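Shown next: structure.cif, given as mmCIF, C-alpha atoms and all ligand atoms.
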```
data_work
#
loop_
_atom_site.group_PDB
_atom_site.id
_atom_site.type_symbol
_atom_site.label_atom_id
_atom_site.label_comp_id
_atom_site.auth_asym_id
_atom_site.auth_seq_id
_atom_site.Cartn_x
_atom_site.Cartn_y
_atom_site.Cartn_z
ATOM 1 C CA MET A 256 86.302 30.623 -27.612
ATOM 2 C CA LYS A 257 89.126 31.680 -25.332
ATOM 3 C CA PHE A 258 92.578 30.178 -24.924
ATOM 4 C CA THR A 259 91.672 29.253 -21.347
ATOM 5 C CA ASP A 260 88.653 27.277 -22.667
ATOM 6 C CA ILE A 261 91.068 25.189 -24.702
ATOM 7 C CA LEU A 262 93.310 24.687 -21.673
ATOM 8 C CA GLN A 263 90.305 23.479 -19.696
ATOM 9 C CA GLN A 264 89.166 21.218 -22.514
ATOM 10 C CA LEU A 265 92.582 19.597 -22.687
ATOM 11 C CA ASN A 266 93.003 19.449 -18.923
ATOM 12 C CA ILE A 267 96.096 21.641 -18.972
ATOM 13 C CA PRO A 268 96.643 23.195 -15.527
ATOM 14 C CA TYR A 269 97.080 26.957 -15.268
ATOM 15 C CA LYS A 270 96.995 29.718 -12.658
ATOM 16 C CA THR A 271 94.952 32.876 -12.765
ATOM 17 C CA GLU A 272 95.627 36.271 -11.194
ATOM 18 C CA GLY A 273 96.279 36.032 -7.458
ATOM 19 C CA GLN A 274 96.833 32.250 -7.443
ATOM 20 C CA HIS A 275 100.587 32.589 -7.882
ATOM 21 C CA HIS A 276 103.079 35.433 -7.635
ATOM 22 C CA HIS A 277 104.081 35.082 -11.293
ATOM 23 C CA CYS A 278 100.514 35.677 -12.336
ATOM 24 C CA ARG A 279 99.807 39.345 -12.879
ATOM 25 C CA PRO A 280 96.460 40.955 -13.712
ATOM 26 C CA GLY A 281 95.470 40.219 -17.317
ATOM 27 C CA TRP A 282 97.532 37.033 -17.469
ATOM 28 C CA VAL A 283 97.177 33.314 -16.875
ATOM 29 C CA ASN A 284 100.266 31.211 -16.247
ATOM 30 C CA LEU A 285 101.182 27.705 -17.323
ATOM 31 C CA ASP A 286 104.146 25.473 -16.751
ATOM 32 C CA CYS A 287 106.405 26.185 -19.687
ATOM 33 C CA PRO A 288 106.587 22.961 -21.748
ATOM 34 C CA PHE A 289 109.915 24.087 -23.234
ATOM 35 C CA CYS A 290 111.880 24.743 -20.055
ATOM 36 C CA GLY A 291 109.779 23.631 -17.085
ATOM 37 C CA LYS A 292 107.412 20.756 -17.834
ATOM 38 C CA ASP A 293 105.454 19.899 -14.638
ATOM 39 C CA SER A 294 107.773 22.154 -12.642
ATOM 40 C CA HIS A 295 104.877 24.082 -11.023
ATOM 41 C CA LYS A 296 106.887 27.219 -11.509
ATOM 42 C CA TRP A 297 104.303 28.742 -13.859
ATOM 43 C CA HIS A 298 106.853 30.631 -15.911
ATOM 44 C CA LEU A 299 104.826 30.751 -19.103
ATOM 45 C CA GLY A 300 102.429 33.681 -19.149
ATOM 46 C CA TYR A 301 99.541 34.057 -21.553
ATOM 47 C CA SER A 302 98.292 37.591 -22.139
ATOM 48 C CA LEU A 303 94.503 37.465 -22.120
ATOM 49 C CA GLU A 304 94.240 40.737 -23.948
ATOM 50 C CA SER A 305 96.997 40.440 -26.518
ATOM 51 C CA ASN A 306 96.801 36.685 -27.078
ATOM 52 C CA TYR A 307 100.485 35.786 -26.897
ATOM 53 C CA LEU A 308 102.704 33.603 -24.731
ATOM 54 C CA HIS A 309 105.887 34.663 -22.997
ATOM 55 C CA CYS A 310 108.056 32.587 -20.680
ATOM 56 C CA TRP A 311 110.075 34.395 -18.007
ATOM 57 C CA VAL A 312 112.954 32.039 -18.647
ATOM 58 C CA CYS A 313 112.969 31.157 -22.337
ATOM 59 C CA GLY A 314 111.067 33.973 -24.046
ATOM 60 C CA PHE A 315 108.228 34.149 -26.559
ATOM 61 C CA HIS A 316 106.376 31.140 -27.965
ATOM 62 C CA THR A 317 103.609 30.820 -30.499
ATOM 63 C CA LEU A 318 100.313 29.336 -29.398
ATOM 64 C CA VAL A 319 100.588 26.523 -31.925
ATOM 65 C CA GLU A 320 104.117 25.408 -30.995
ATOM 66 C CA THR A 321 103.213 25.541 -27.311
ATOM 67 C CA LEU A 322 100.078 23.462 -27.720
ATOM 68 C CA MET A 323 102.011 20.961 -29.835
ATOM 69 C CA GLU A 324 104.697 20.701 -27.171
ATOM 70 C CA ILE A 325 102.165 20.168 -24.373
ATOM 71 C CA THR A 326 99.802 17.751 -26.123
ATOM 72 C CA GLY A 327 101.983 16.049 -28.731
ATOM 73 C CA TYR A 328 99.231 16.724 -31.306
ATOM 74 C CA PRO A 329 100.206 17.465 -34.911
ATOM 75 C CA PRO A 330 100.316 21.123 -36.055
ATOM 76 C CA SER A 331 97.096 20.881 -38.088
ATOM 77 C CA LYS A 332 95.106 19.724 -35.054
ATOM 78 C CA CYS A 333 96.555 22.482 -32.856
ATOM 79 C CA LYS A 334 95.864 25.140 -35.483
ATOM 80 C CA ASN A 335 92.318 23.882 -35.729
ATOM 81 C CA LEU A 336 91.836 24.064 -31.957
ATOM 82 C CA LEU A 337 93.096 27.636 -31.951
ATOM 83 C CA LYS A 338 91.202 28.934 -34.936
ATOM 84 C CA ASP A 339 88.313 30.601 -33.083
ATOM 85 C CA ILE A 340 90.269 32.266 -30.300
ATOM 86 C CA GLU A 341 89.174 35.735 -29.383
ATOM 87 C CA PRO A 342 91.311 37.987 -27.215
ATOM 88 C CA ALA A 343 89.571 38.967 -24.008
ATOM 89 C CA LYS A 344 88.729 42.581 -23.319
ATOM 90 C CA ILE A 345 90.614 43.468 -20.175
ATOM 91 C CA LYS A 346 90.436 46.704 -18.298
ATOM 92 C CA LYS A 347 93.880 48.280 -18.399
ATOM 93 C CA GLU A 348 95.926 48.105 -15.255
ATOM 94 C CA LYS A 349 96.313 51.506 -13.696
ATOM 95 C CA PRO A 350 99.767 52.451 -14.951
ATOM 96 C CA ARG A 351 100.865 54.597 -12.052
ATOM 97 C CA GLY A 352 100.902 53.505 -8.453
ATOM 98 C CA LYS A 353 102.599 55.178 -5.553
ATOM 99 C CA LEU A 354 106.293 54.704 -4.884
ATOM 100 C CA ILE A 355 107.001 53.382 -1.405
ATOM 101 C CA ILE A 356 110.626 53.367 -0.239
ATOM 102 C CA PRO A 357 111.349 50.680 2.391
ATOM 103 C CA LYS A 358 112.020 51.798 5.968
ATOM 104 C CA GLY A 359 115.648 52.261 6.935
ATOM 105 C CA VAL A 360 117.076 53.347 3.575
ATOM 106 C CA ASP A 361 120.007 55.609 4.343
ATOM 107 C CA LYS A 362 123.600 56.369 3.406
ATOM 108 C CA ILE A 363 125.684 53.264 2.856
ATOM 109 C CA ARG A 364 127.485 51.967 5.961
ATOM 110 C CA ASN A 365 130.890 50.407 6.336
ATOM 111 C CA ALA A 366 129.496 46.908 5.836
ATOM 112 C CA HIS A 367 127.974 47.871 2.466
ATOM 113 C CA ARG A 368 131.151 49.691 1.526
ATOM 114 C CA ARG A 369 133.319 46.671 2.339
ATOM 115 C CA TYR A 370 131.054 44.333 0.383
ATOM 116 C CA LEU A 371 131.204 46.545 -2.714
ATOM 117 C CA GLU A 372 134.955 47.042 -2.459
ATOM 118 C CA ASP A 373 135.452 43.282 -2.122
ATOM 119 C CA ARG A 374 133.645 42.927 -5.434
ATOM 120 C CA GLY A 375 135.875 45.532 -6.997
ATOM 121 C CA PHE A 376 133.478 48.467 -7.049
ATOM 122 C CA ASP A 377 134.038 52.045 -5.950
ATOM 123 C CA PRO A 378 131.183 52.781 -3.514
ATOM 124 C CA ASN A 379 131.539 56.555 -3.941
ATOM 125 C CA LEU A 380 131.172 56.316 -7.681
ATOM 126 C CA LEU A 381 128.128 54.041 -7.341
ATOM 127 C CA GLN A 382 126.515 56.549 -5.014
ATOM 128 C CA LYS A 383 127.203 59.371 -7.396
ATOM 129 C CA ILE A 384 126.133 57.766 -10.669
ATOM 130 C CA TRP A 385 123.604 55.138 -9.655
ATOM 131 C CA LYS A 386 122.337 56.781 -6.434
ATOM 132 C CA ILE A 387 122.675 53.617 -4.400
ATOM 133 C CA GLN A 388 121.963 53.670 -0.675
ATOM 134 C CA GLY A 389 122.044 51.116 2.106
ATOM 135 C CA ILE A 390 119.709 49.466 4.565
ATOM 136 C CA GLY A 391 121.302 48.510 7.882
ATOM 137 C CA LEU A 392 119.554 46.938 10.827
ATOM 138 C CA ALA A 393 115.881 46.860 9.882
ATOM 139 C CA SER A 394 112.961 44.526 10.429
ATOM 140 C CA LYS A 395 112.437 44.197 6.676
ATOM 141 C CA LEU A 396 115.242 43.936 4.094
ATOM 142 C CA PRO A 397 118.115 44.231 6.607
ATOM 143 C CA TRP A 398 121.716 44.623 5.386
ATOM 144 C CA ARG A 399 121.034 45.238 1.769
ATOM 145 C CA ILE A 400 122.135 47.671 -0.872
ATOM 146 C CA PHE A 401 119.229 49.811 -1.961
ATOM 147 C CA ILE A 402 119.188 50.290 -5.735
ATOM 148 C CA PRO A 403 116.714 52.874 -7.004
ATOM 149 C CA ILE A 404 115.271 52.336 -10.465
ATOM 150 C CA ILE A 405 115.317 55.735 -12.071
ATOM 151 C CA TYR A 406 113.297 56.640 -15.131
ATOM 152 C CA HIS A 407 113.529 60.084 -16.731
ATOM 153 C CA GLY A 408 115.421 61.275 -13.679
ATOM 154 C CA LYS A 409 112.822 60.113 -11.171
ATOM 155 C CA THR A 410 112.909 57.100 -8.878
ATOM 156 C CA VAL A 411 109.914 54.987 -9.903
ATOM 157 C CA SER A 412 110.804 51.619 -8.356
ATOM 158 C CA TRP A 413 113.662 49.854 -6.609
ATOM 159 C CA THR A 414 115.456 46.644 -5.950
ATOM 160 C CA THR A 415 117.776 45.544 -3.160
ATOM 161 C CA ARG A 416 120.801 43.272 -3.040
ATOM 162 C CA SER A 417 121.792 41.366 0.084
ATOM 163 C CA ILE A 418 125.367 41.844 1.287
ATOM 164 C CA SER A 419 125.237 38.600 3.267
ATOM 165 C CA LYS A 420 127.499 35.747 2.203
ATOM 166 C CA SER A 421 124.904 33.182 3.289
ATOM 167 C CA LYS A 422 123.451 31.161 0.421
ATOM 168 C CA LYS A 423 120.093 31.034 2.226
ATOM 169 C CA VAL A 424 119.426 34.741 1.794
ATOM 170 C CA THR A 425 117.562 35.816 -1.343
ATOM 171 C CA ARG A 426 120.041 37.865 -3.340
ATOM 172 C CA TYR A 427 117.684 40.344 -4.944
ATOM 173 C CA ILE A 428 114.369 41.528 -3.540
ATOM 174 C CA SER A 429 112.520 44.116 -5.607
ATOM 175 C CA ALA A 430 109.562 46.404 -5.037
ATOM 176 C CA SER A 431 106.178 44.711 -5.162
ATOM 177 C CA ALA A 432 103.501 46.087 -7.480
ATOM 178 C CA LYS A 433 102.124 48.128 -4.580
ATOM 179 C CA GLU A 434 105.475 49.784 -3.904
ATOM 180 C CA GLU A 435 106.383 51.110 -7.345
ATOM 181 C CA SER A 436 104.992 53.870 -9.511
ATOM 182 C CA ILE A 437 106.025 52.081 -12.730
ATOM 183 C CA PRO A 438 106.477 48.267 -12.829
ATOM 184 C CA HIS A 439 110.212 47.577 -12.834
ATOM 185 C CA LYS A 440 109.833 44.699 -15.292
ATOM 186 C CA SER A 441 108.575 47.203 -17.873
ATOM 187 C CA LEU A 442 111.761 49.282 -17.591
ATOM 188 C CA LEU A 443 115.414 48.839 -18.419
ATOM 189 C CA TYR A 444 117.606 49.664 -15.447
ATOM 190 C CA GLY A 445 120.051 52.363 -16.524
ATOM 191 C CA GLU A 446 118.193 53.442 -19.671
ATOM 192 C CA ASP A 447 118.427 57.136 -18.772
ATOM 193 C CA TYR A 448 122.145 57.017 -19.617
ATOM 194 C CA VAL A 449 121.798 55.242 -22.971
ATOM 195 C CA GLU A 450 122.418 57.143 -26.202
ATOM 196 C CA LYS A 451 122.590 55.289 -29.522
ATOM 197 C CA SER A 452 124.061 51.967 -28.456
ATOM 198 C CA ILE A 453 122.818 49.702 -25.728
ATOM 199 C CA ILE A 454 124.518 46.868 -23.878
ATOM 200 C CA ILE A 455 121.900 44.574 -22.383
ATOM 201 C CA THR A 456 122.653 42.656 -19.185
ATOM 202 C CA GLU A 457 120.535 40.950 -16.537
ATOM 203 C CA GLY A 458 121.645 42.618 -13.304
ATOM 204 C CA PRO A 459 122.554 46.026 -11.868
ATOM 205 C CA PHE A 460 126.078 44.844 -10.954
ATOM 206 C CA ASP A 461 126.772 44.144 -14.638
ATOM 207 C CA VAL A 462 125.523 47.628 -15.480
ATOM 208 C CA TRP A 463 127.741 49.223 -12.830
ATOM 209 C CA ARG A 464 130.762 47.346 -14.141
ATOM 210 C CA ILE A 465 130.189 48.279 -17.779
ATOM 211 C CA GLY A 466 129.057 51.800 -16.943
ATOM 212 C CA PRO A 467 126.634 54.219 -18.606
ATOM 213 C CA GLY A 468 125.226 52.764 -21.807
ATOM 214 C CA ALA A 469 124.519 49.395 -20.217
ATOM 215 C CA VAL A 470 121.072 48.370 -19.019
ATOM 216 C CA ALA A 471 119.699 45.464 -17.009
ATOM 217 C CA THR A 472 116.437 43.555 -17.441
ATOM 218 C CA LEU A 473 116.361 43.094 -13.650
ATOM 219 C CA GLY A 474 116.172 39.365 -13.305
ATOM 220 C CA VAL A 475 116.008 36.304 -15.430
ATOM 221 C CA GLY A 476 114.056 36.783 -18.637
ATOM 222 C CA TYR A 477 112.699 39.924 -20.193
ATOM 223 C CA SER A 478 109.256 41.330 -20.788
ATOM 224 C CA LEU A 479 107.652 42.442 -24.014
ATOM 225 C CA GLU A 480 107.837 46.053 -22.831
ATOM 226 C CA GLN A 481 111.571 45.674 -22.260
ATOM 227 C CA LEU A 482 112.050 44.065 -25.660
ATOM 228 C CA ILE A 483 110.247 46.958 -27.355
ATOM 229 C CA LYS A 484 112.452 49.460 -25.545
ATOM 230 C CA MET A 485 115.591 47.629 -26.745
ATOM 231 C CA THR A 486 114.484 47.768 -30.375
ATOM 232 C CA LYS A 487 114.643 51.584 -30.323
ATOM 233 C CA TYR A 488 118.456 51.514 -30.305
ATOM 234 C CA PRO A 489 120.183 50.856 -33.623
ATOM 235 C CA LYS A 490 123.185 49.105 -32.032
ATOM 236 C CA ARG A 491 122.440 46.451 -29.434
ATOM 237 C CA ALA A 492 124.795 44.094 -27.665
ATOM 238 C CA ILE A 493 123.597 41.348 -25.379
ATOM 239 C CA CYS A 494 125.972 40.513 -22.576
ATOM 240 C CA PHE A 495 124.471 37.858 -20.302
ATOM 241 C CA ASP A 496 126.207 35.431 -17.940
ATOM 242 C CA SER A 497 128.329 32.766 -19.564
ATOM 243 C CA GLU A 498 126.441 29.849 -17.961
ATOM 244 C CA LYS A 499 124.351 27.645 -20.244
ATOM 245 C CA GLU A 500 120.834 28.766 -19.331
ATOM 246 C CA ALA A 501 121.756 32.447 -19.543
ATOM 247 C CA GLN A 502 123.329 31.899 -22.955
ATOM 248 C CA LYS A 503 120.150 30.199 -24.142
ATOM 249 C CA ARG A 504 118.227 33.308 -23.106
ATOM 250 C CA ALA A 505 120.815 35.522 -24.780
ATOM 251 C CA LYS A 506 120.528 33.577 -28.019
ATOM 252 C CA ARG A 507 116.762 33.834 -27.917
ATOM 253 C CA LEU A 508 116.839 37.579 -27.270
ATOM 254 C CA CYS A 509 119.390 37.977 -30.050
ATOM 255 C CA ASP A 510 117.058 36.190 -32.476
ATOM 256 C CA GLU A 511 114.118 38.307 -31.407
ATOM 257 C CA LEU A 512 116.017 41.580 -31.714
ATOM 258 C CA SER A 513 117.535 40.606 -35.056
ATOM 259 C CA ALA A 514 114.060 40.862 -36.583
ATOM 260 C CA PHE A 515 114.188 44.637 -36.053
ATOM 261 C CA ASP A 516 116.158 47.303 -37.897
ATOM 262 C CA GLY A 517 119.666 47.826 -36.613
ATOM 263 C CA LYS A 518 122.466 45.515 -35.496
ATOM 264 C CA THR A 519 122.383 42.994 -32.673
ATOM 265 C CA TYR A 520 125.405 41.222 -31.201
ATOM 266 C CA ASN A 521 125.709 38.516 -28.586
ATOM 267 C CA ILE A 522 128.855 39.125 -26.564
ATOM 268 C CA GLN A 523 130.381 36.471 -24.344
ATOM 269 C CA LEU A 524 132.970 37.672 -21.880
ATOM 270 C CA ASP A 525 135.806 35.509 -20.561
ATOM 271 C CA GLY A 526 134.520 35.353 -16.991
ATOM 272 C CA LYS A 527 131.221 34.300 -15.453
ATOM 273 C CA ASP A 528 129.487 37.640 -16.044
ATOM 274 C CA ALA A 529 130.073 41.303 -16.811
ATOM 275 C CA ALA A 530 130.142 42.104 -13.078
ATOM 276 C CA SER A 531 133.339 40.086 -12.694
ATOM 277 C CA ALA A 532 134.998 41.145 -15.958
ATOM 278 C CA SER A 533 138.434 42.759 -15.966
ATOM 279 C CA PRO A 534 138.864 46.504 -16.629
ATOM 280 C CA LYS A 535 140.683 45.625 -19.845
ATOM 281 C CA GLU A 536 137.805 43.526 -21.126
ATOM 282 C CA ILE A 537 135.259 46.206 -20.237
ATOM 283 C CA LYS A 538 137.323 48.837 -21.975
ATOM 284 C CA GLN A 539 137.390 46.726 -25.114
ATOM 285 C CA LEU A 540 133.621 46.108 -24.943
ATOM 286 C CA ARG A 541 132.857 49.812 -24.532
ATOM 287 C CA LYS A 542 135.189 50.692 -27.378
ATOM 288 C CA GLU A 543 133.496 48.256 -29.740
ATOM 289 C CA ILE A 544 129.886 48.959 -28.839
ATOM 290 C CA ILE A 545 129.499 52.372 -27.250
HETATM 291 ZN ZN ZN B 601 110.205 28.501 -20.759
#
```

Could you show the structure in this file as structure tokens?
Amino acid sequence: MKFTDILQQLNIPYKTEGQHHHCRPGWVNLDCPFCGKDSHKWHLGYSLESNYLHCWVCGFHTLVETLMEITGYPPSKCKNLLKDIEPAKIKKEKPRGKLIIPKGVDKIRNAHRRYLEDRGFDPNLLQKIWKIQGIGLASKLPWRIFIPIIYHGKTVSWTTRSISKSKKVTRYISASAKEESIPHKSLLYGEDYVEKSIIITEGPFDVWRIGPGAVATLGVGYSLEQLIKMTKYPKRAICFDSEKEAQKRAKRLCDELSAFDGKTYNIQLDGKDAASASPKEIKQLRKEII
């Protein structure tokens, strides 16, 4: 019996590899009953091989609690349904692909520079430490900041941030699976600079503001690989946006990390996020954690 057999039996819709962009090889995706019932966003991934559930928005869930939430059945019935589940044997994804840098990546231009300065960043410093570049006029990804994702000193993937003020433009666009040599969602942006203490944020701008020692999960939610990487550091501080949903994720991550040796803190800054925090606040944060 497989988990997908149970889903079929109970008429629970799910997507398999290739049917939706959230659905990677080795996974099936469901609507998360905890944060996206009938949303058709398919945030809740089930690992066919490892037999666990992880939602991109609200984190890990047990099979039993998830089935209870979807069906309304009592725990005993759900446990009974799940008792004969066997993990599928999946061929491992090839870990290394080939890195493809988008066309037009070059030194940052005045427009990029202005955008960064407006947000209170020093473009020269960002180029030096974080190796950012720019994309100007281009058919794909025009007018964006190019942010390489560096692992052990080597660029293995990338993301880009639009410098447009228009709300219609997607803010972040990252490398697809075919364009990266290591999947960016398995890495922590900025980890090369971390020593004993880690400050965990969601975006590169937060990392730039806090400086070396901070990492980003690159987007909403975190993967199991990222969680495992975080547990290696004995002192961990989570510093997500102050808005409600982000704080829910922070709380969840805090709970998950607290199960491991070491200390975990959830830090809430005064402003909306670390990227917009004052130098004084950042100084205080670095002093306490790093
Ligand atoms: Zn969820």

List the spatial neighbours of region 530-534 of chain A as a PDB file with C-alpha atoms, in the frame of the given file - criterion: any atom at most 7 Å away, only C-alpha atoms, same-chain residues fewer than 5 positions off excluded.
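Printed below is out23.pdb as written:
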```pdb
ATOM      1  CA  PHE A 460     126.078  44.844 -10.954  1.00  0.00           C
ATOM      2  CA  ASP A 461     126.772  44.144 -14.638  1.00  0.00           C
ATOM      3  CA  ARG A 464     130.762  47.346 -14.141  1.00  0.00           C
TER       4      ARG A 464
END
```

From A:Pro459, A:Gly389, A:Gly476, A:Gly273, residue lying nearest ligand ZN 601 (chain B) [all atoms listed in the file]: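 That would be A:Gly476, the residue with the smallest distance to ligand ZN 601 (chain B).
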
Box for region 296-301 of chain A: with edges along x, y and z, all listed atoms inside and 6 Å added on each side, what are the centre and edge lengths in Å to one decimal, as lines of an AutoDock Vina configuration file?
```
center_x = 103.2
center_y = 30.6
center_z = -16.5
size_x = 19.3
size_y = 18.8
size_z = 22.0
```

Selection within 9 Å of ligand ZN 601 (chain B) by all atoms listed in the file, output as a list in words: Asp286, Cys287, Pro288, Phe289, Cys290, Gly291, Lys292, His298, Leu299, His309, Cys310, Trp311, Val312, Cys313, Gly314, Phe315 and His316 of chain A

Written as a PDB file with C-alpha atoms, in the frame of the given file, what is the full residue list that the PyMOL selection byres (((chain A and resi 434-445) around 8) and not hetatm) yields on the file shown?
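As written to disk, selection_29.pdb reads:
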```
ATOM      1  CA  PRO A 350      99.767  52.451 -14.951  1.00  0.00           C
ATOM      2  CA  ARG A 351     100.865  54.597 -12.052  1.00  0.00           C
ATOM      3  CA  GLY A 352     100.902  53.505  -8.453  1.00  0.00           C
ATOM      4  CA  LYS A 353     102.599  55.178  -5.553  1.00  0.00           C
ATOM      5  CA  LEU A 354     106.293  54.704  -4.884  1.00  0.00           C
ATOM      6  CA  ILE A 355     107.001  53.382  -1.405  1.00  0.00           C
ATOM      7  CA  ILE A 356     110.626  53.367  -0.239  1.00  0.00           C
ATOM      8  CA  ILE A 404     115.271  52.336 -10.465  1.00  0.00           C
ATOM      9  CA  ILE A 405     115.317  55.735 -12.071  1.00  0.00           C
ATOM     10  CA  TYR A 406     113.297  56.640 -15.131  1.00  0.00           C
ATOM     11  CA  VAL A 411     109.914  54.987  -9.903  1.00  0.00           C
ATOM     12  CA  SER A 412     110.804  51.619  -8.356  1.00  0.00           C
ATOM     13  CA  TRP A 413     113.662  49.854  -6.609  1.00  0.00           C
ATOM     14  CA  ALA A 430     109.562  46.404  -5.037  1.00  0.00           C
ATOM     15  CA  SER A 431     106.178  44.711  -5.162  1.00  0.00           C
ATOM     16  CA  ALA A 432     103.501  46.087  -7.480  1.00  0.00           C
ATOM     17  CA  LYS A 433     102.124  48.128  -4.580  1.00  0.00           C
ATOM     18  CA  GLU A 446     118.193  53.442 -19.671  1.00  0.00           C
ATOM     19  CA  ASP A 447     118.427  57.136 -18.772  1.00  0.00           C
ATOM     20  CA  TYR A 448     122.145  57.017 -19.617  1.00  0.00           C
ATOM     21  CA  VAL A 449     121.798  55.242 -22.971  1.00  0.00           C
ATOM     22  CA  PRO A 459     122.554  46.026 -11.868  1.00  0.00           C
ATOM     23  CA  VAL A 462     125.523  47.628 -15.480  1.00  0.00           C
ATOM     24  CA  PRO A 467     126.634  54.219 -18.606  1.00  0.00           C
ATOM     25  CA  GLY A 468     125.226  52.764 -21.807  1.00  0.00           C
ATOM     26  CA  ALA A 469     124.519  49.395 -20.217  1.00  0.00           C
ATOM     27  CA  VAL A 470     121.072  48.370 -19.019  1.00  0.00           C
ATOM     28  CA  ALA A 471     119.699  45.464 -17.009  1.00  0.00           C
ATOM     29  CA  THR A 472     116.437  43.555 -17.441  1.00  0.00           C
ATOM     30  CA  LEU A 473     116.361  43.094 -13.650  1.00  0.00           C
ATOM     31  CA  TYR A 477     112.699  39.924 -20.193  1.00  0.00           C
ATOM     32  CA  SER A 478     109.256  41.330 -20.788  1.00  0.00           C
ATOM     33  CA  LEU A 479     107.652  42.442 -24.014  1.00  0.00           C
ATOM     34  CA  GLU A 480     107.837  46.053 -22.831  1.00  0.00           C
ATOM     35  CA  GLN A 481     111.571  45.674 -22.260  1.00  0.00           C
ATOM     36  CA  LYS A 484     112.452  49.460 -25.545  1.00  0.00           C
TER      37      LYS A 484
END
```

Chain and number of each residue from the PyMOL selection byres (((chain A and resi 453) around 7) and not hetatm), as a PDB file with C-alpha atoms, in the coordinates of the input:
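Output (expr.pdb):
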```
ATOM      1  CA  VAL A 449     121.798  55.242 -22.971  1.00  0.00           C
ATOM      2  CA  LYS A 451     122.590  55.289 -29.522  1.00  0.00           C
ATOM      3  CA  SER A 452     124.061  51.967 -28.456  1.00  0.00           C
ATOM      4  CA  ILE A 454     124.518  46.868 -23.878  1.00  0.00           C
ATOM      5  CA  ILE A 455     121.900  44.574 -22.383  1.00  0.00           C
ATOM      6  CA  GLY A 468     125.226  52.764 -21.807  1.00  0.00           C
ATOM      7  CA  ALA A 469     124.519  49.395 -20.217  1.00  0.00           C
ATOM      8  CA  TYR A 488     118.456  51.514 -30.305  1.00  0.00           C
ATOM      9  CA  LYS A 490     123.185  49.105 -32.032  1.00  0.00           C
ATOM     10  CA  ARG A 491     122.440  46.451 -29.434  1.00  0.00           C
ATOM     11  CA  ALA A 492     124.795  44.094 -27.665  1.00  0.00           C
TER      12      ALA A 492
END
```

Between A:Pro403, A:Asp528, A:Gly408, A:Ile483, which is the closest to Gly458 (chain A) once you count only C-alpha atoms? A:Asp528

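Excluding Gln502 (chain A) itself and same-chain residues fewer than 6 positions from it, the residues having an atom within 10 Å of it are Ile493, Cys494, Phe495, Asp496, Leu508, Asn521, Ile522 and Gln523 of chain A, counting all atoms listed in the file.
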
Ground truth for the PyMOL selection byres (((chain A and resi 416) around 6) and not hetatm), written as an NGL selection string: :A and (399-400 or 415 or 417 or 426-427)

Just write the chosen residues, C-alpha atoms, as a compact mmCIF listing (two decimals), in the frame of the given file.
```txt
# COMPACT_ATOMS: atom_id res chain seq x y z
CA ARG A 399 121.03 45.24 1.77
CA ILE A 400 122.14 47.67 -0.87
CA THR A 415 117.78 45.54 -3.16
CA SER A 417 121.79 41.37 0.08
CA ARG A 426 120.04 37.86 -3.34
CA TYR A 427 117.68 40.34 -4.94
```

Pairwise distance, CA of Glu304 (chain A) with CA of Thr414 (chain A), equals 28.4 Å

Just the residues within 12 Å of Ser331 (chain A), please, counting only C-alpha atoms, with nothing from its chain fewer than 5 positions along; format it as a list in words.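 In the requested form, the answer reads Val319, Glu320, Leu322, Met323, Leu336, Leu337 and Lys338 of chain A.
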
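Taking all atoms listed in the file, the non-local environment of His275 (chain A) within 12 Å (same-chain residues fewer than 5 positions away omitted) comprises Tyr269, Lys270, Pro280, Trp282, Val283, Asn284, Leu285, Asp286, His295, Lys296, Trp297, His298 and Gly300 of chain A.
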
Just want the 8 Å neighbourhood of Ile387 (chain A), counted on only C-alpha atoms, with same-chain residues fewer than 5 positions away dropped. Output as number ranges by chain. A: 363, 381-382, 400-403

Considering all atoms listed in the file, can you say which of A:His277, A:Ile267, A:Val424, A:Glu450 comes closest to Asp293 (chain A)?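 When distances to Asp293 (chain A) are compared using all atoms listed in the file, the smallest one comes from A:Ile267.
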
If I take CA of Ile340 (chain A) and CA of Phe258 (chain A), how far is one from the other in Å, to one decimal?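 Distance reported for this atom pair: 6.2 Å.
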
As an exercise, work out the distance from CA of Ser421 (chain A) to CA of Ala529 (chain A) in Å and give it to one decimal place.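 Separation between CA of Ser421 (chain A) and CA of Ala529 (chain A): 22.3 Å.
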
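The residue that comes closest to Gly526 (chain A), out of A:Leu396, A:Ile325, A:Thr486, A:Ser497 and on the basis of only C-alpha atoms, is A:Ser497.
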
Which is closer to Leu512 (chain A) than all the others in A:Gly474, A:Pro489, A:Lys527, A:Lys499, using all atoms listed in the file? A:Pro489

If we draw a sphere of 6 Å around (118.7, 33.0, -18.0), which residues have at least one atom in it when counting all atoms listed in the file? Please report them as a PyMOL selection string. chain A and resi 312+475+500-501+504

Between A:Pro397, A:Ala514, A:Glu457, A:Arg368, which has the minimum distance to Thr425 (chain A) (counting all atoms listed in the file)? A:Pro397
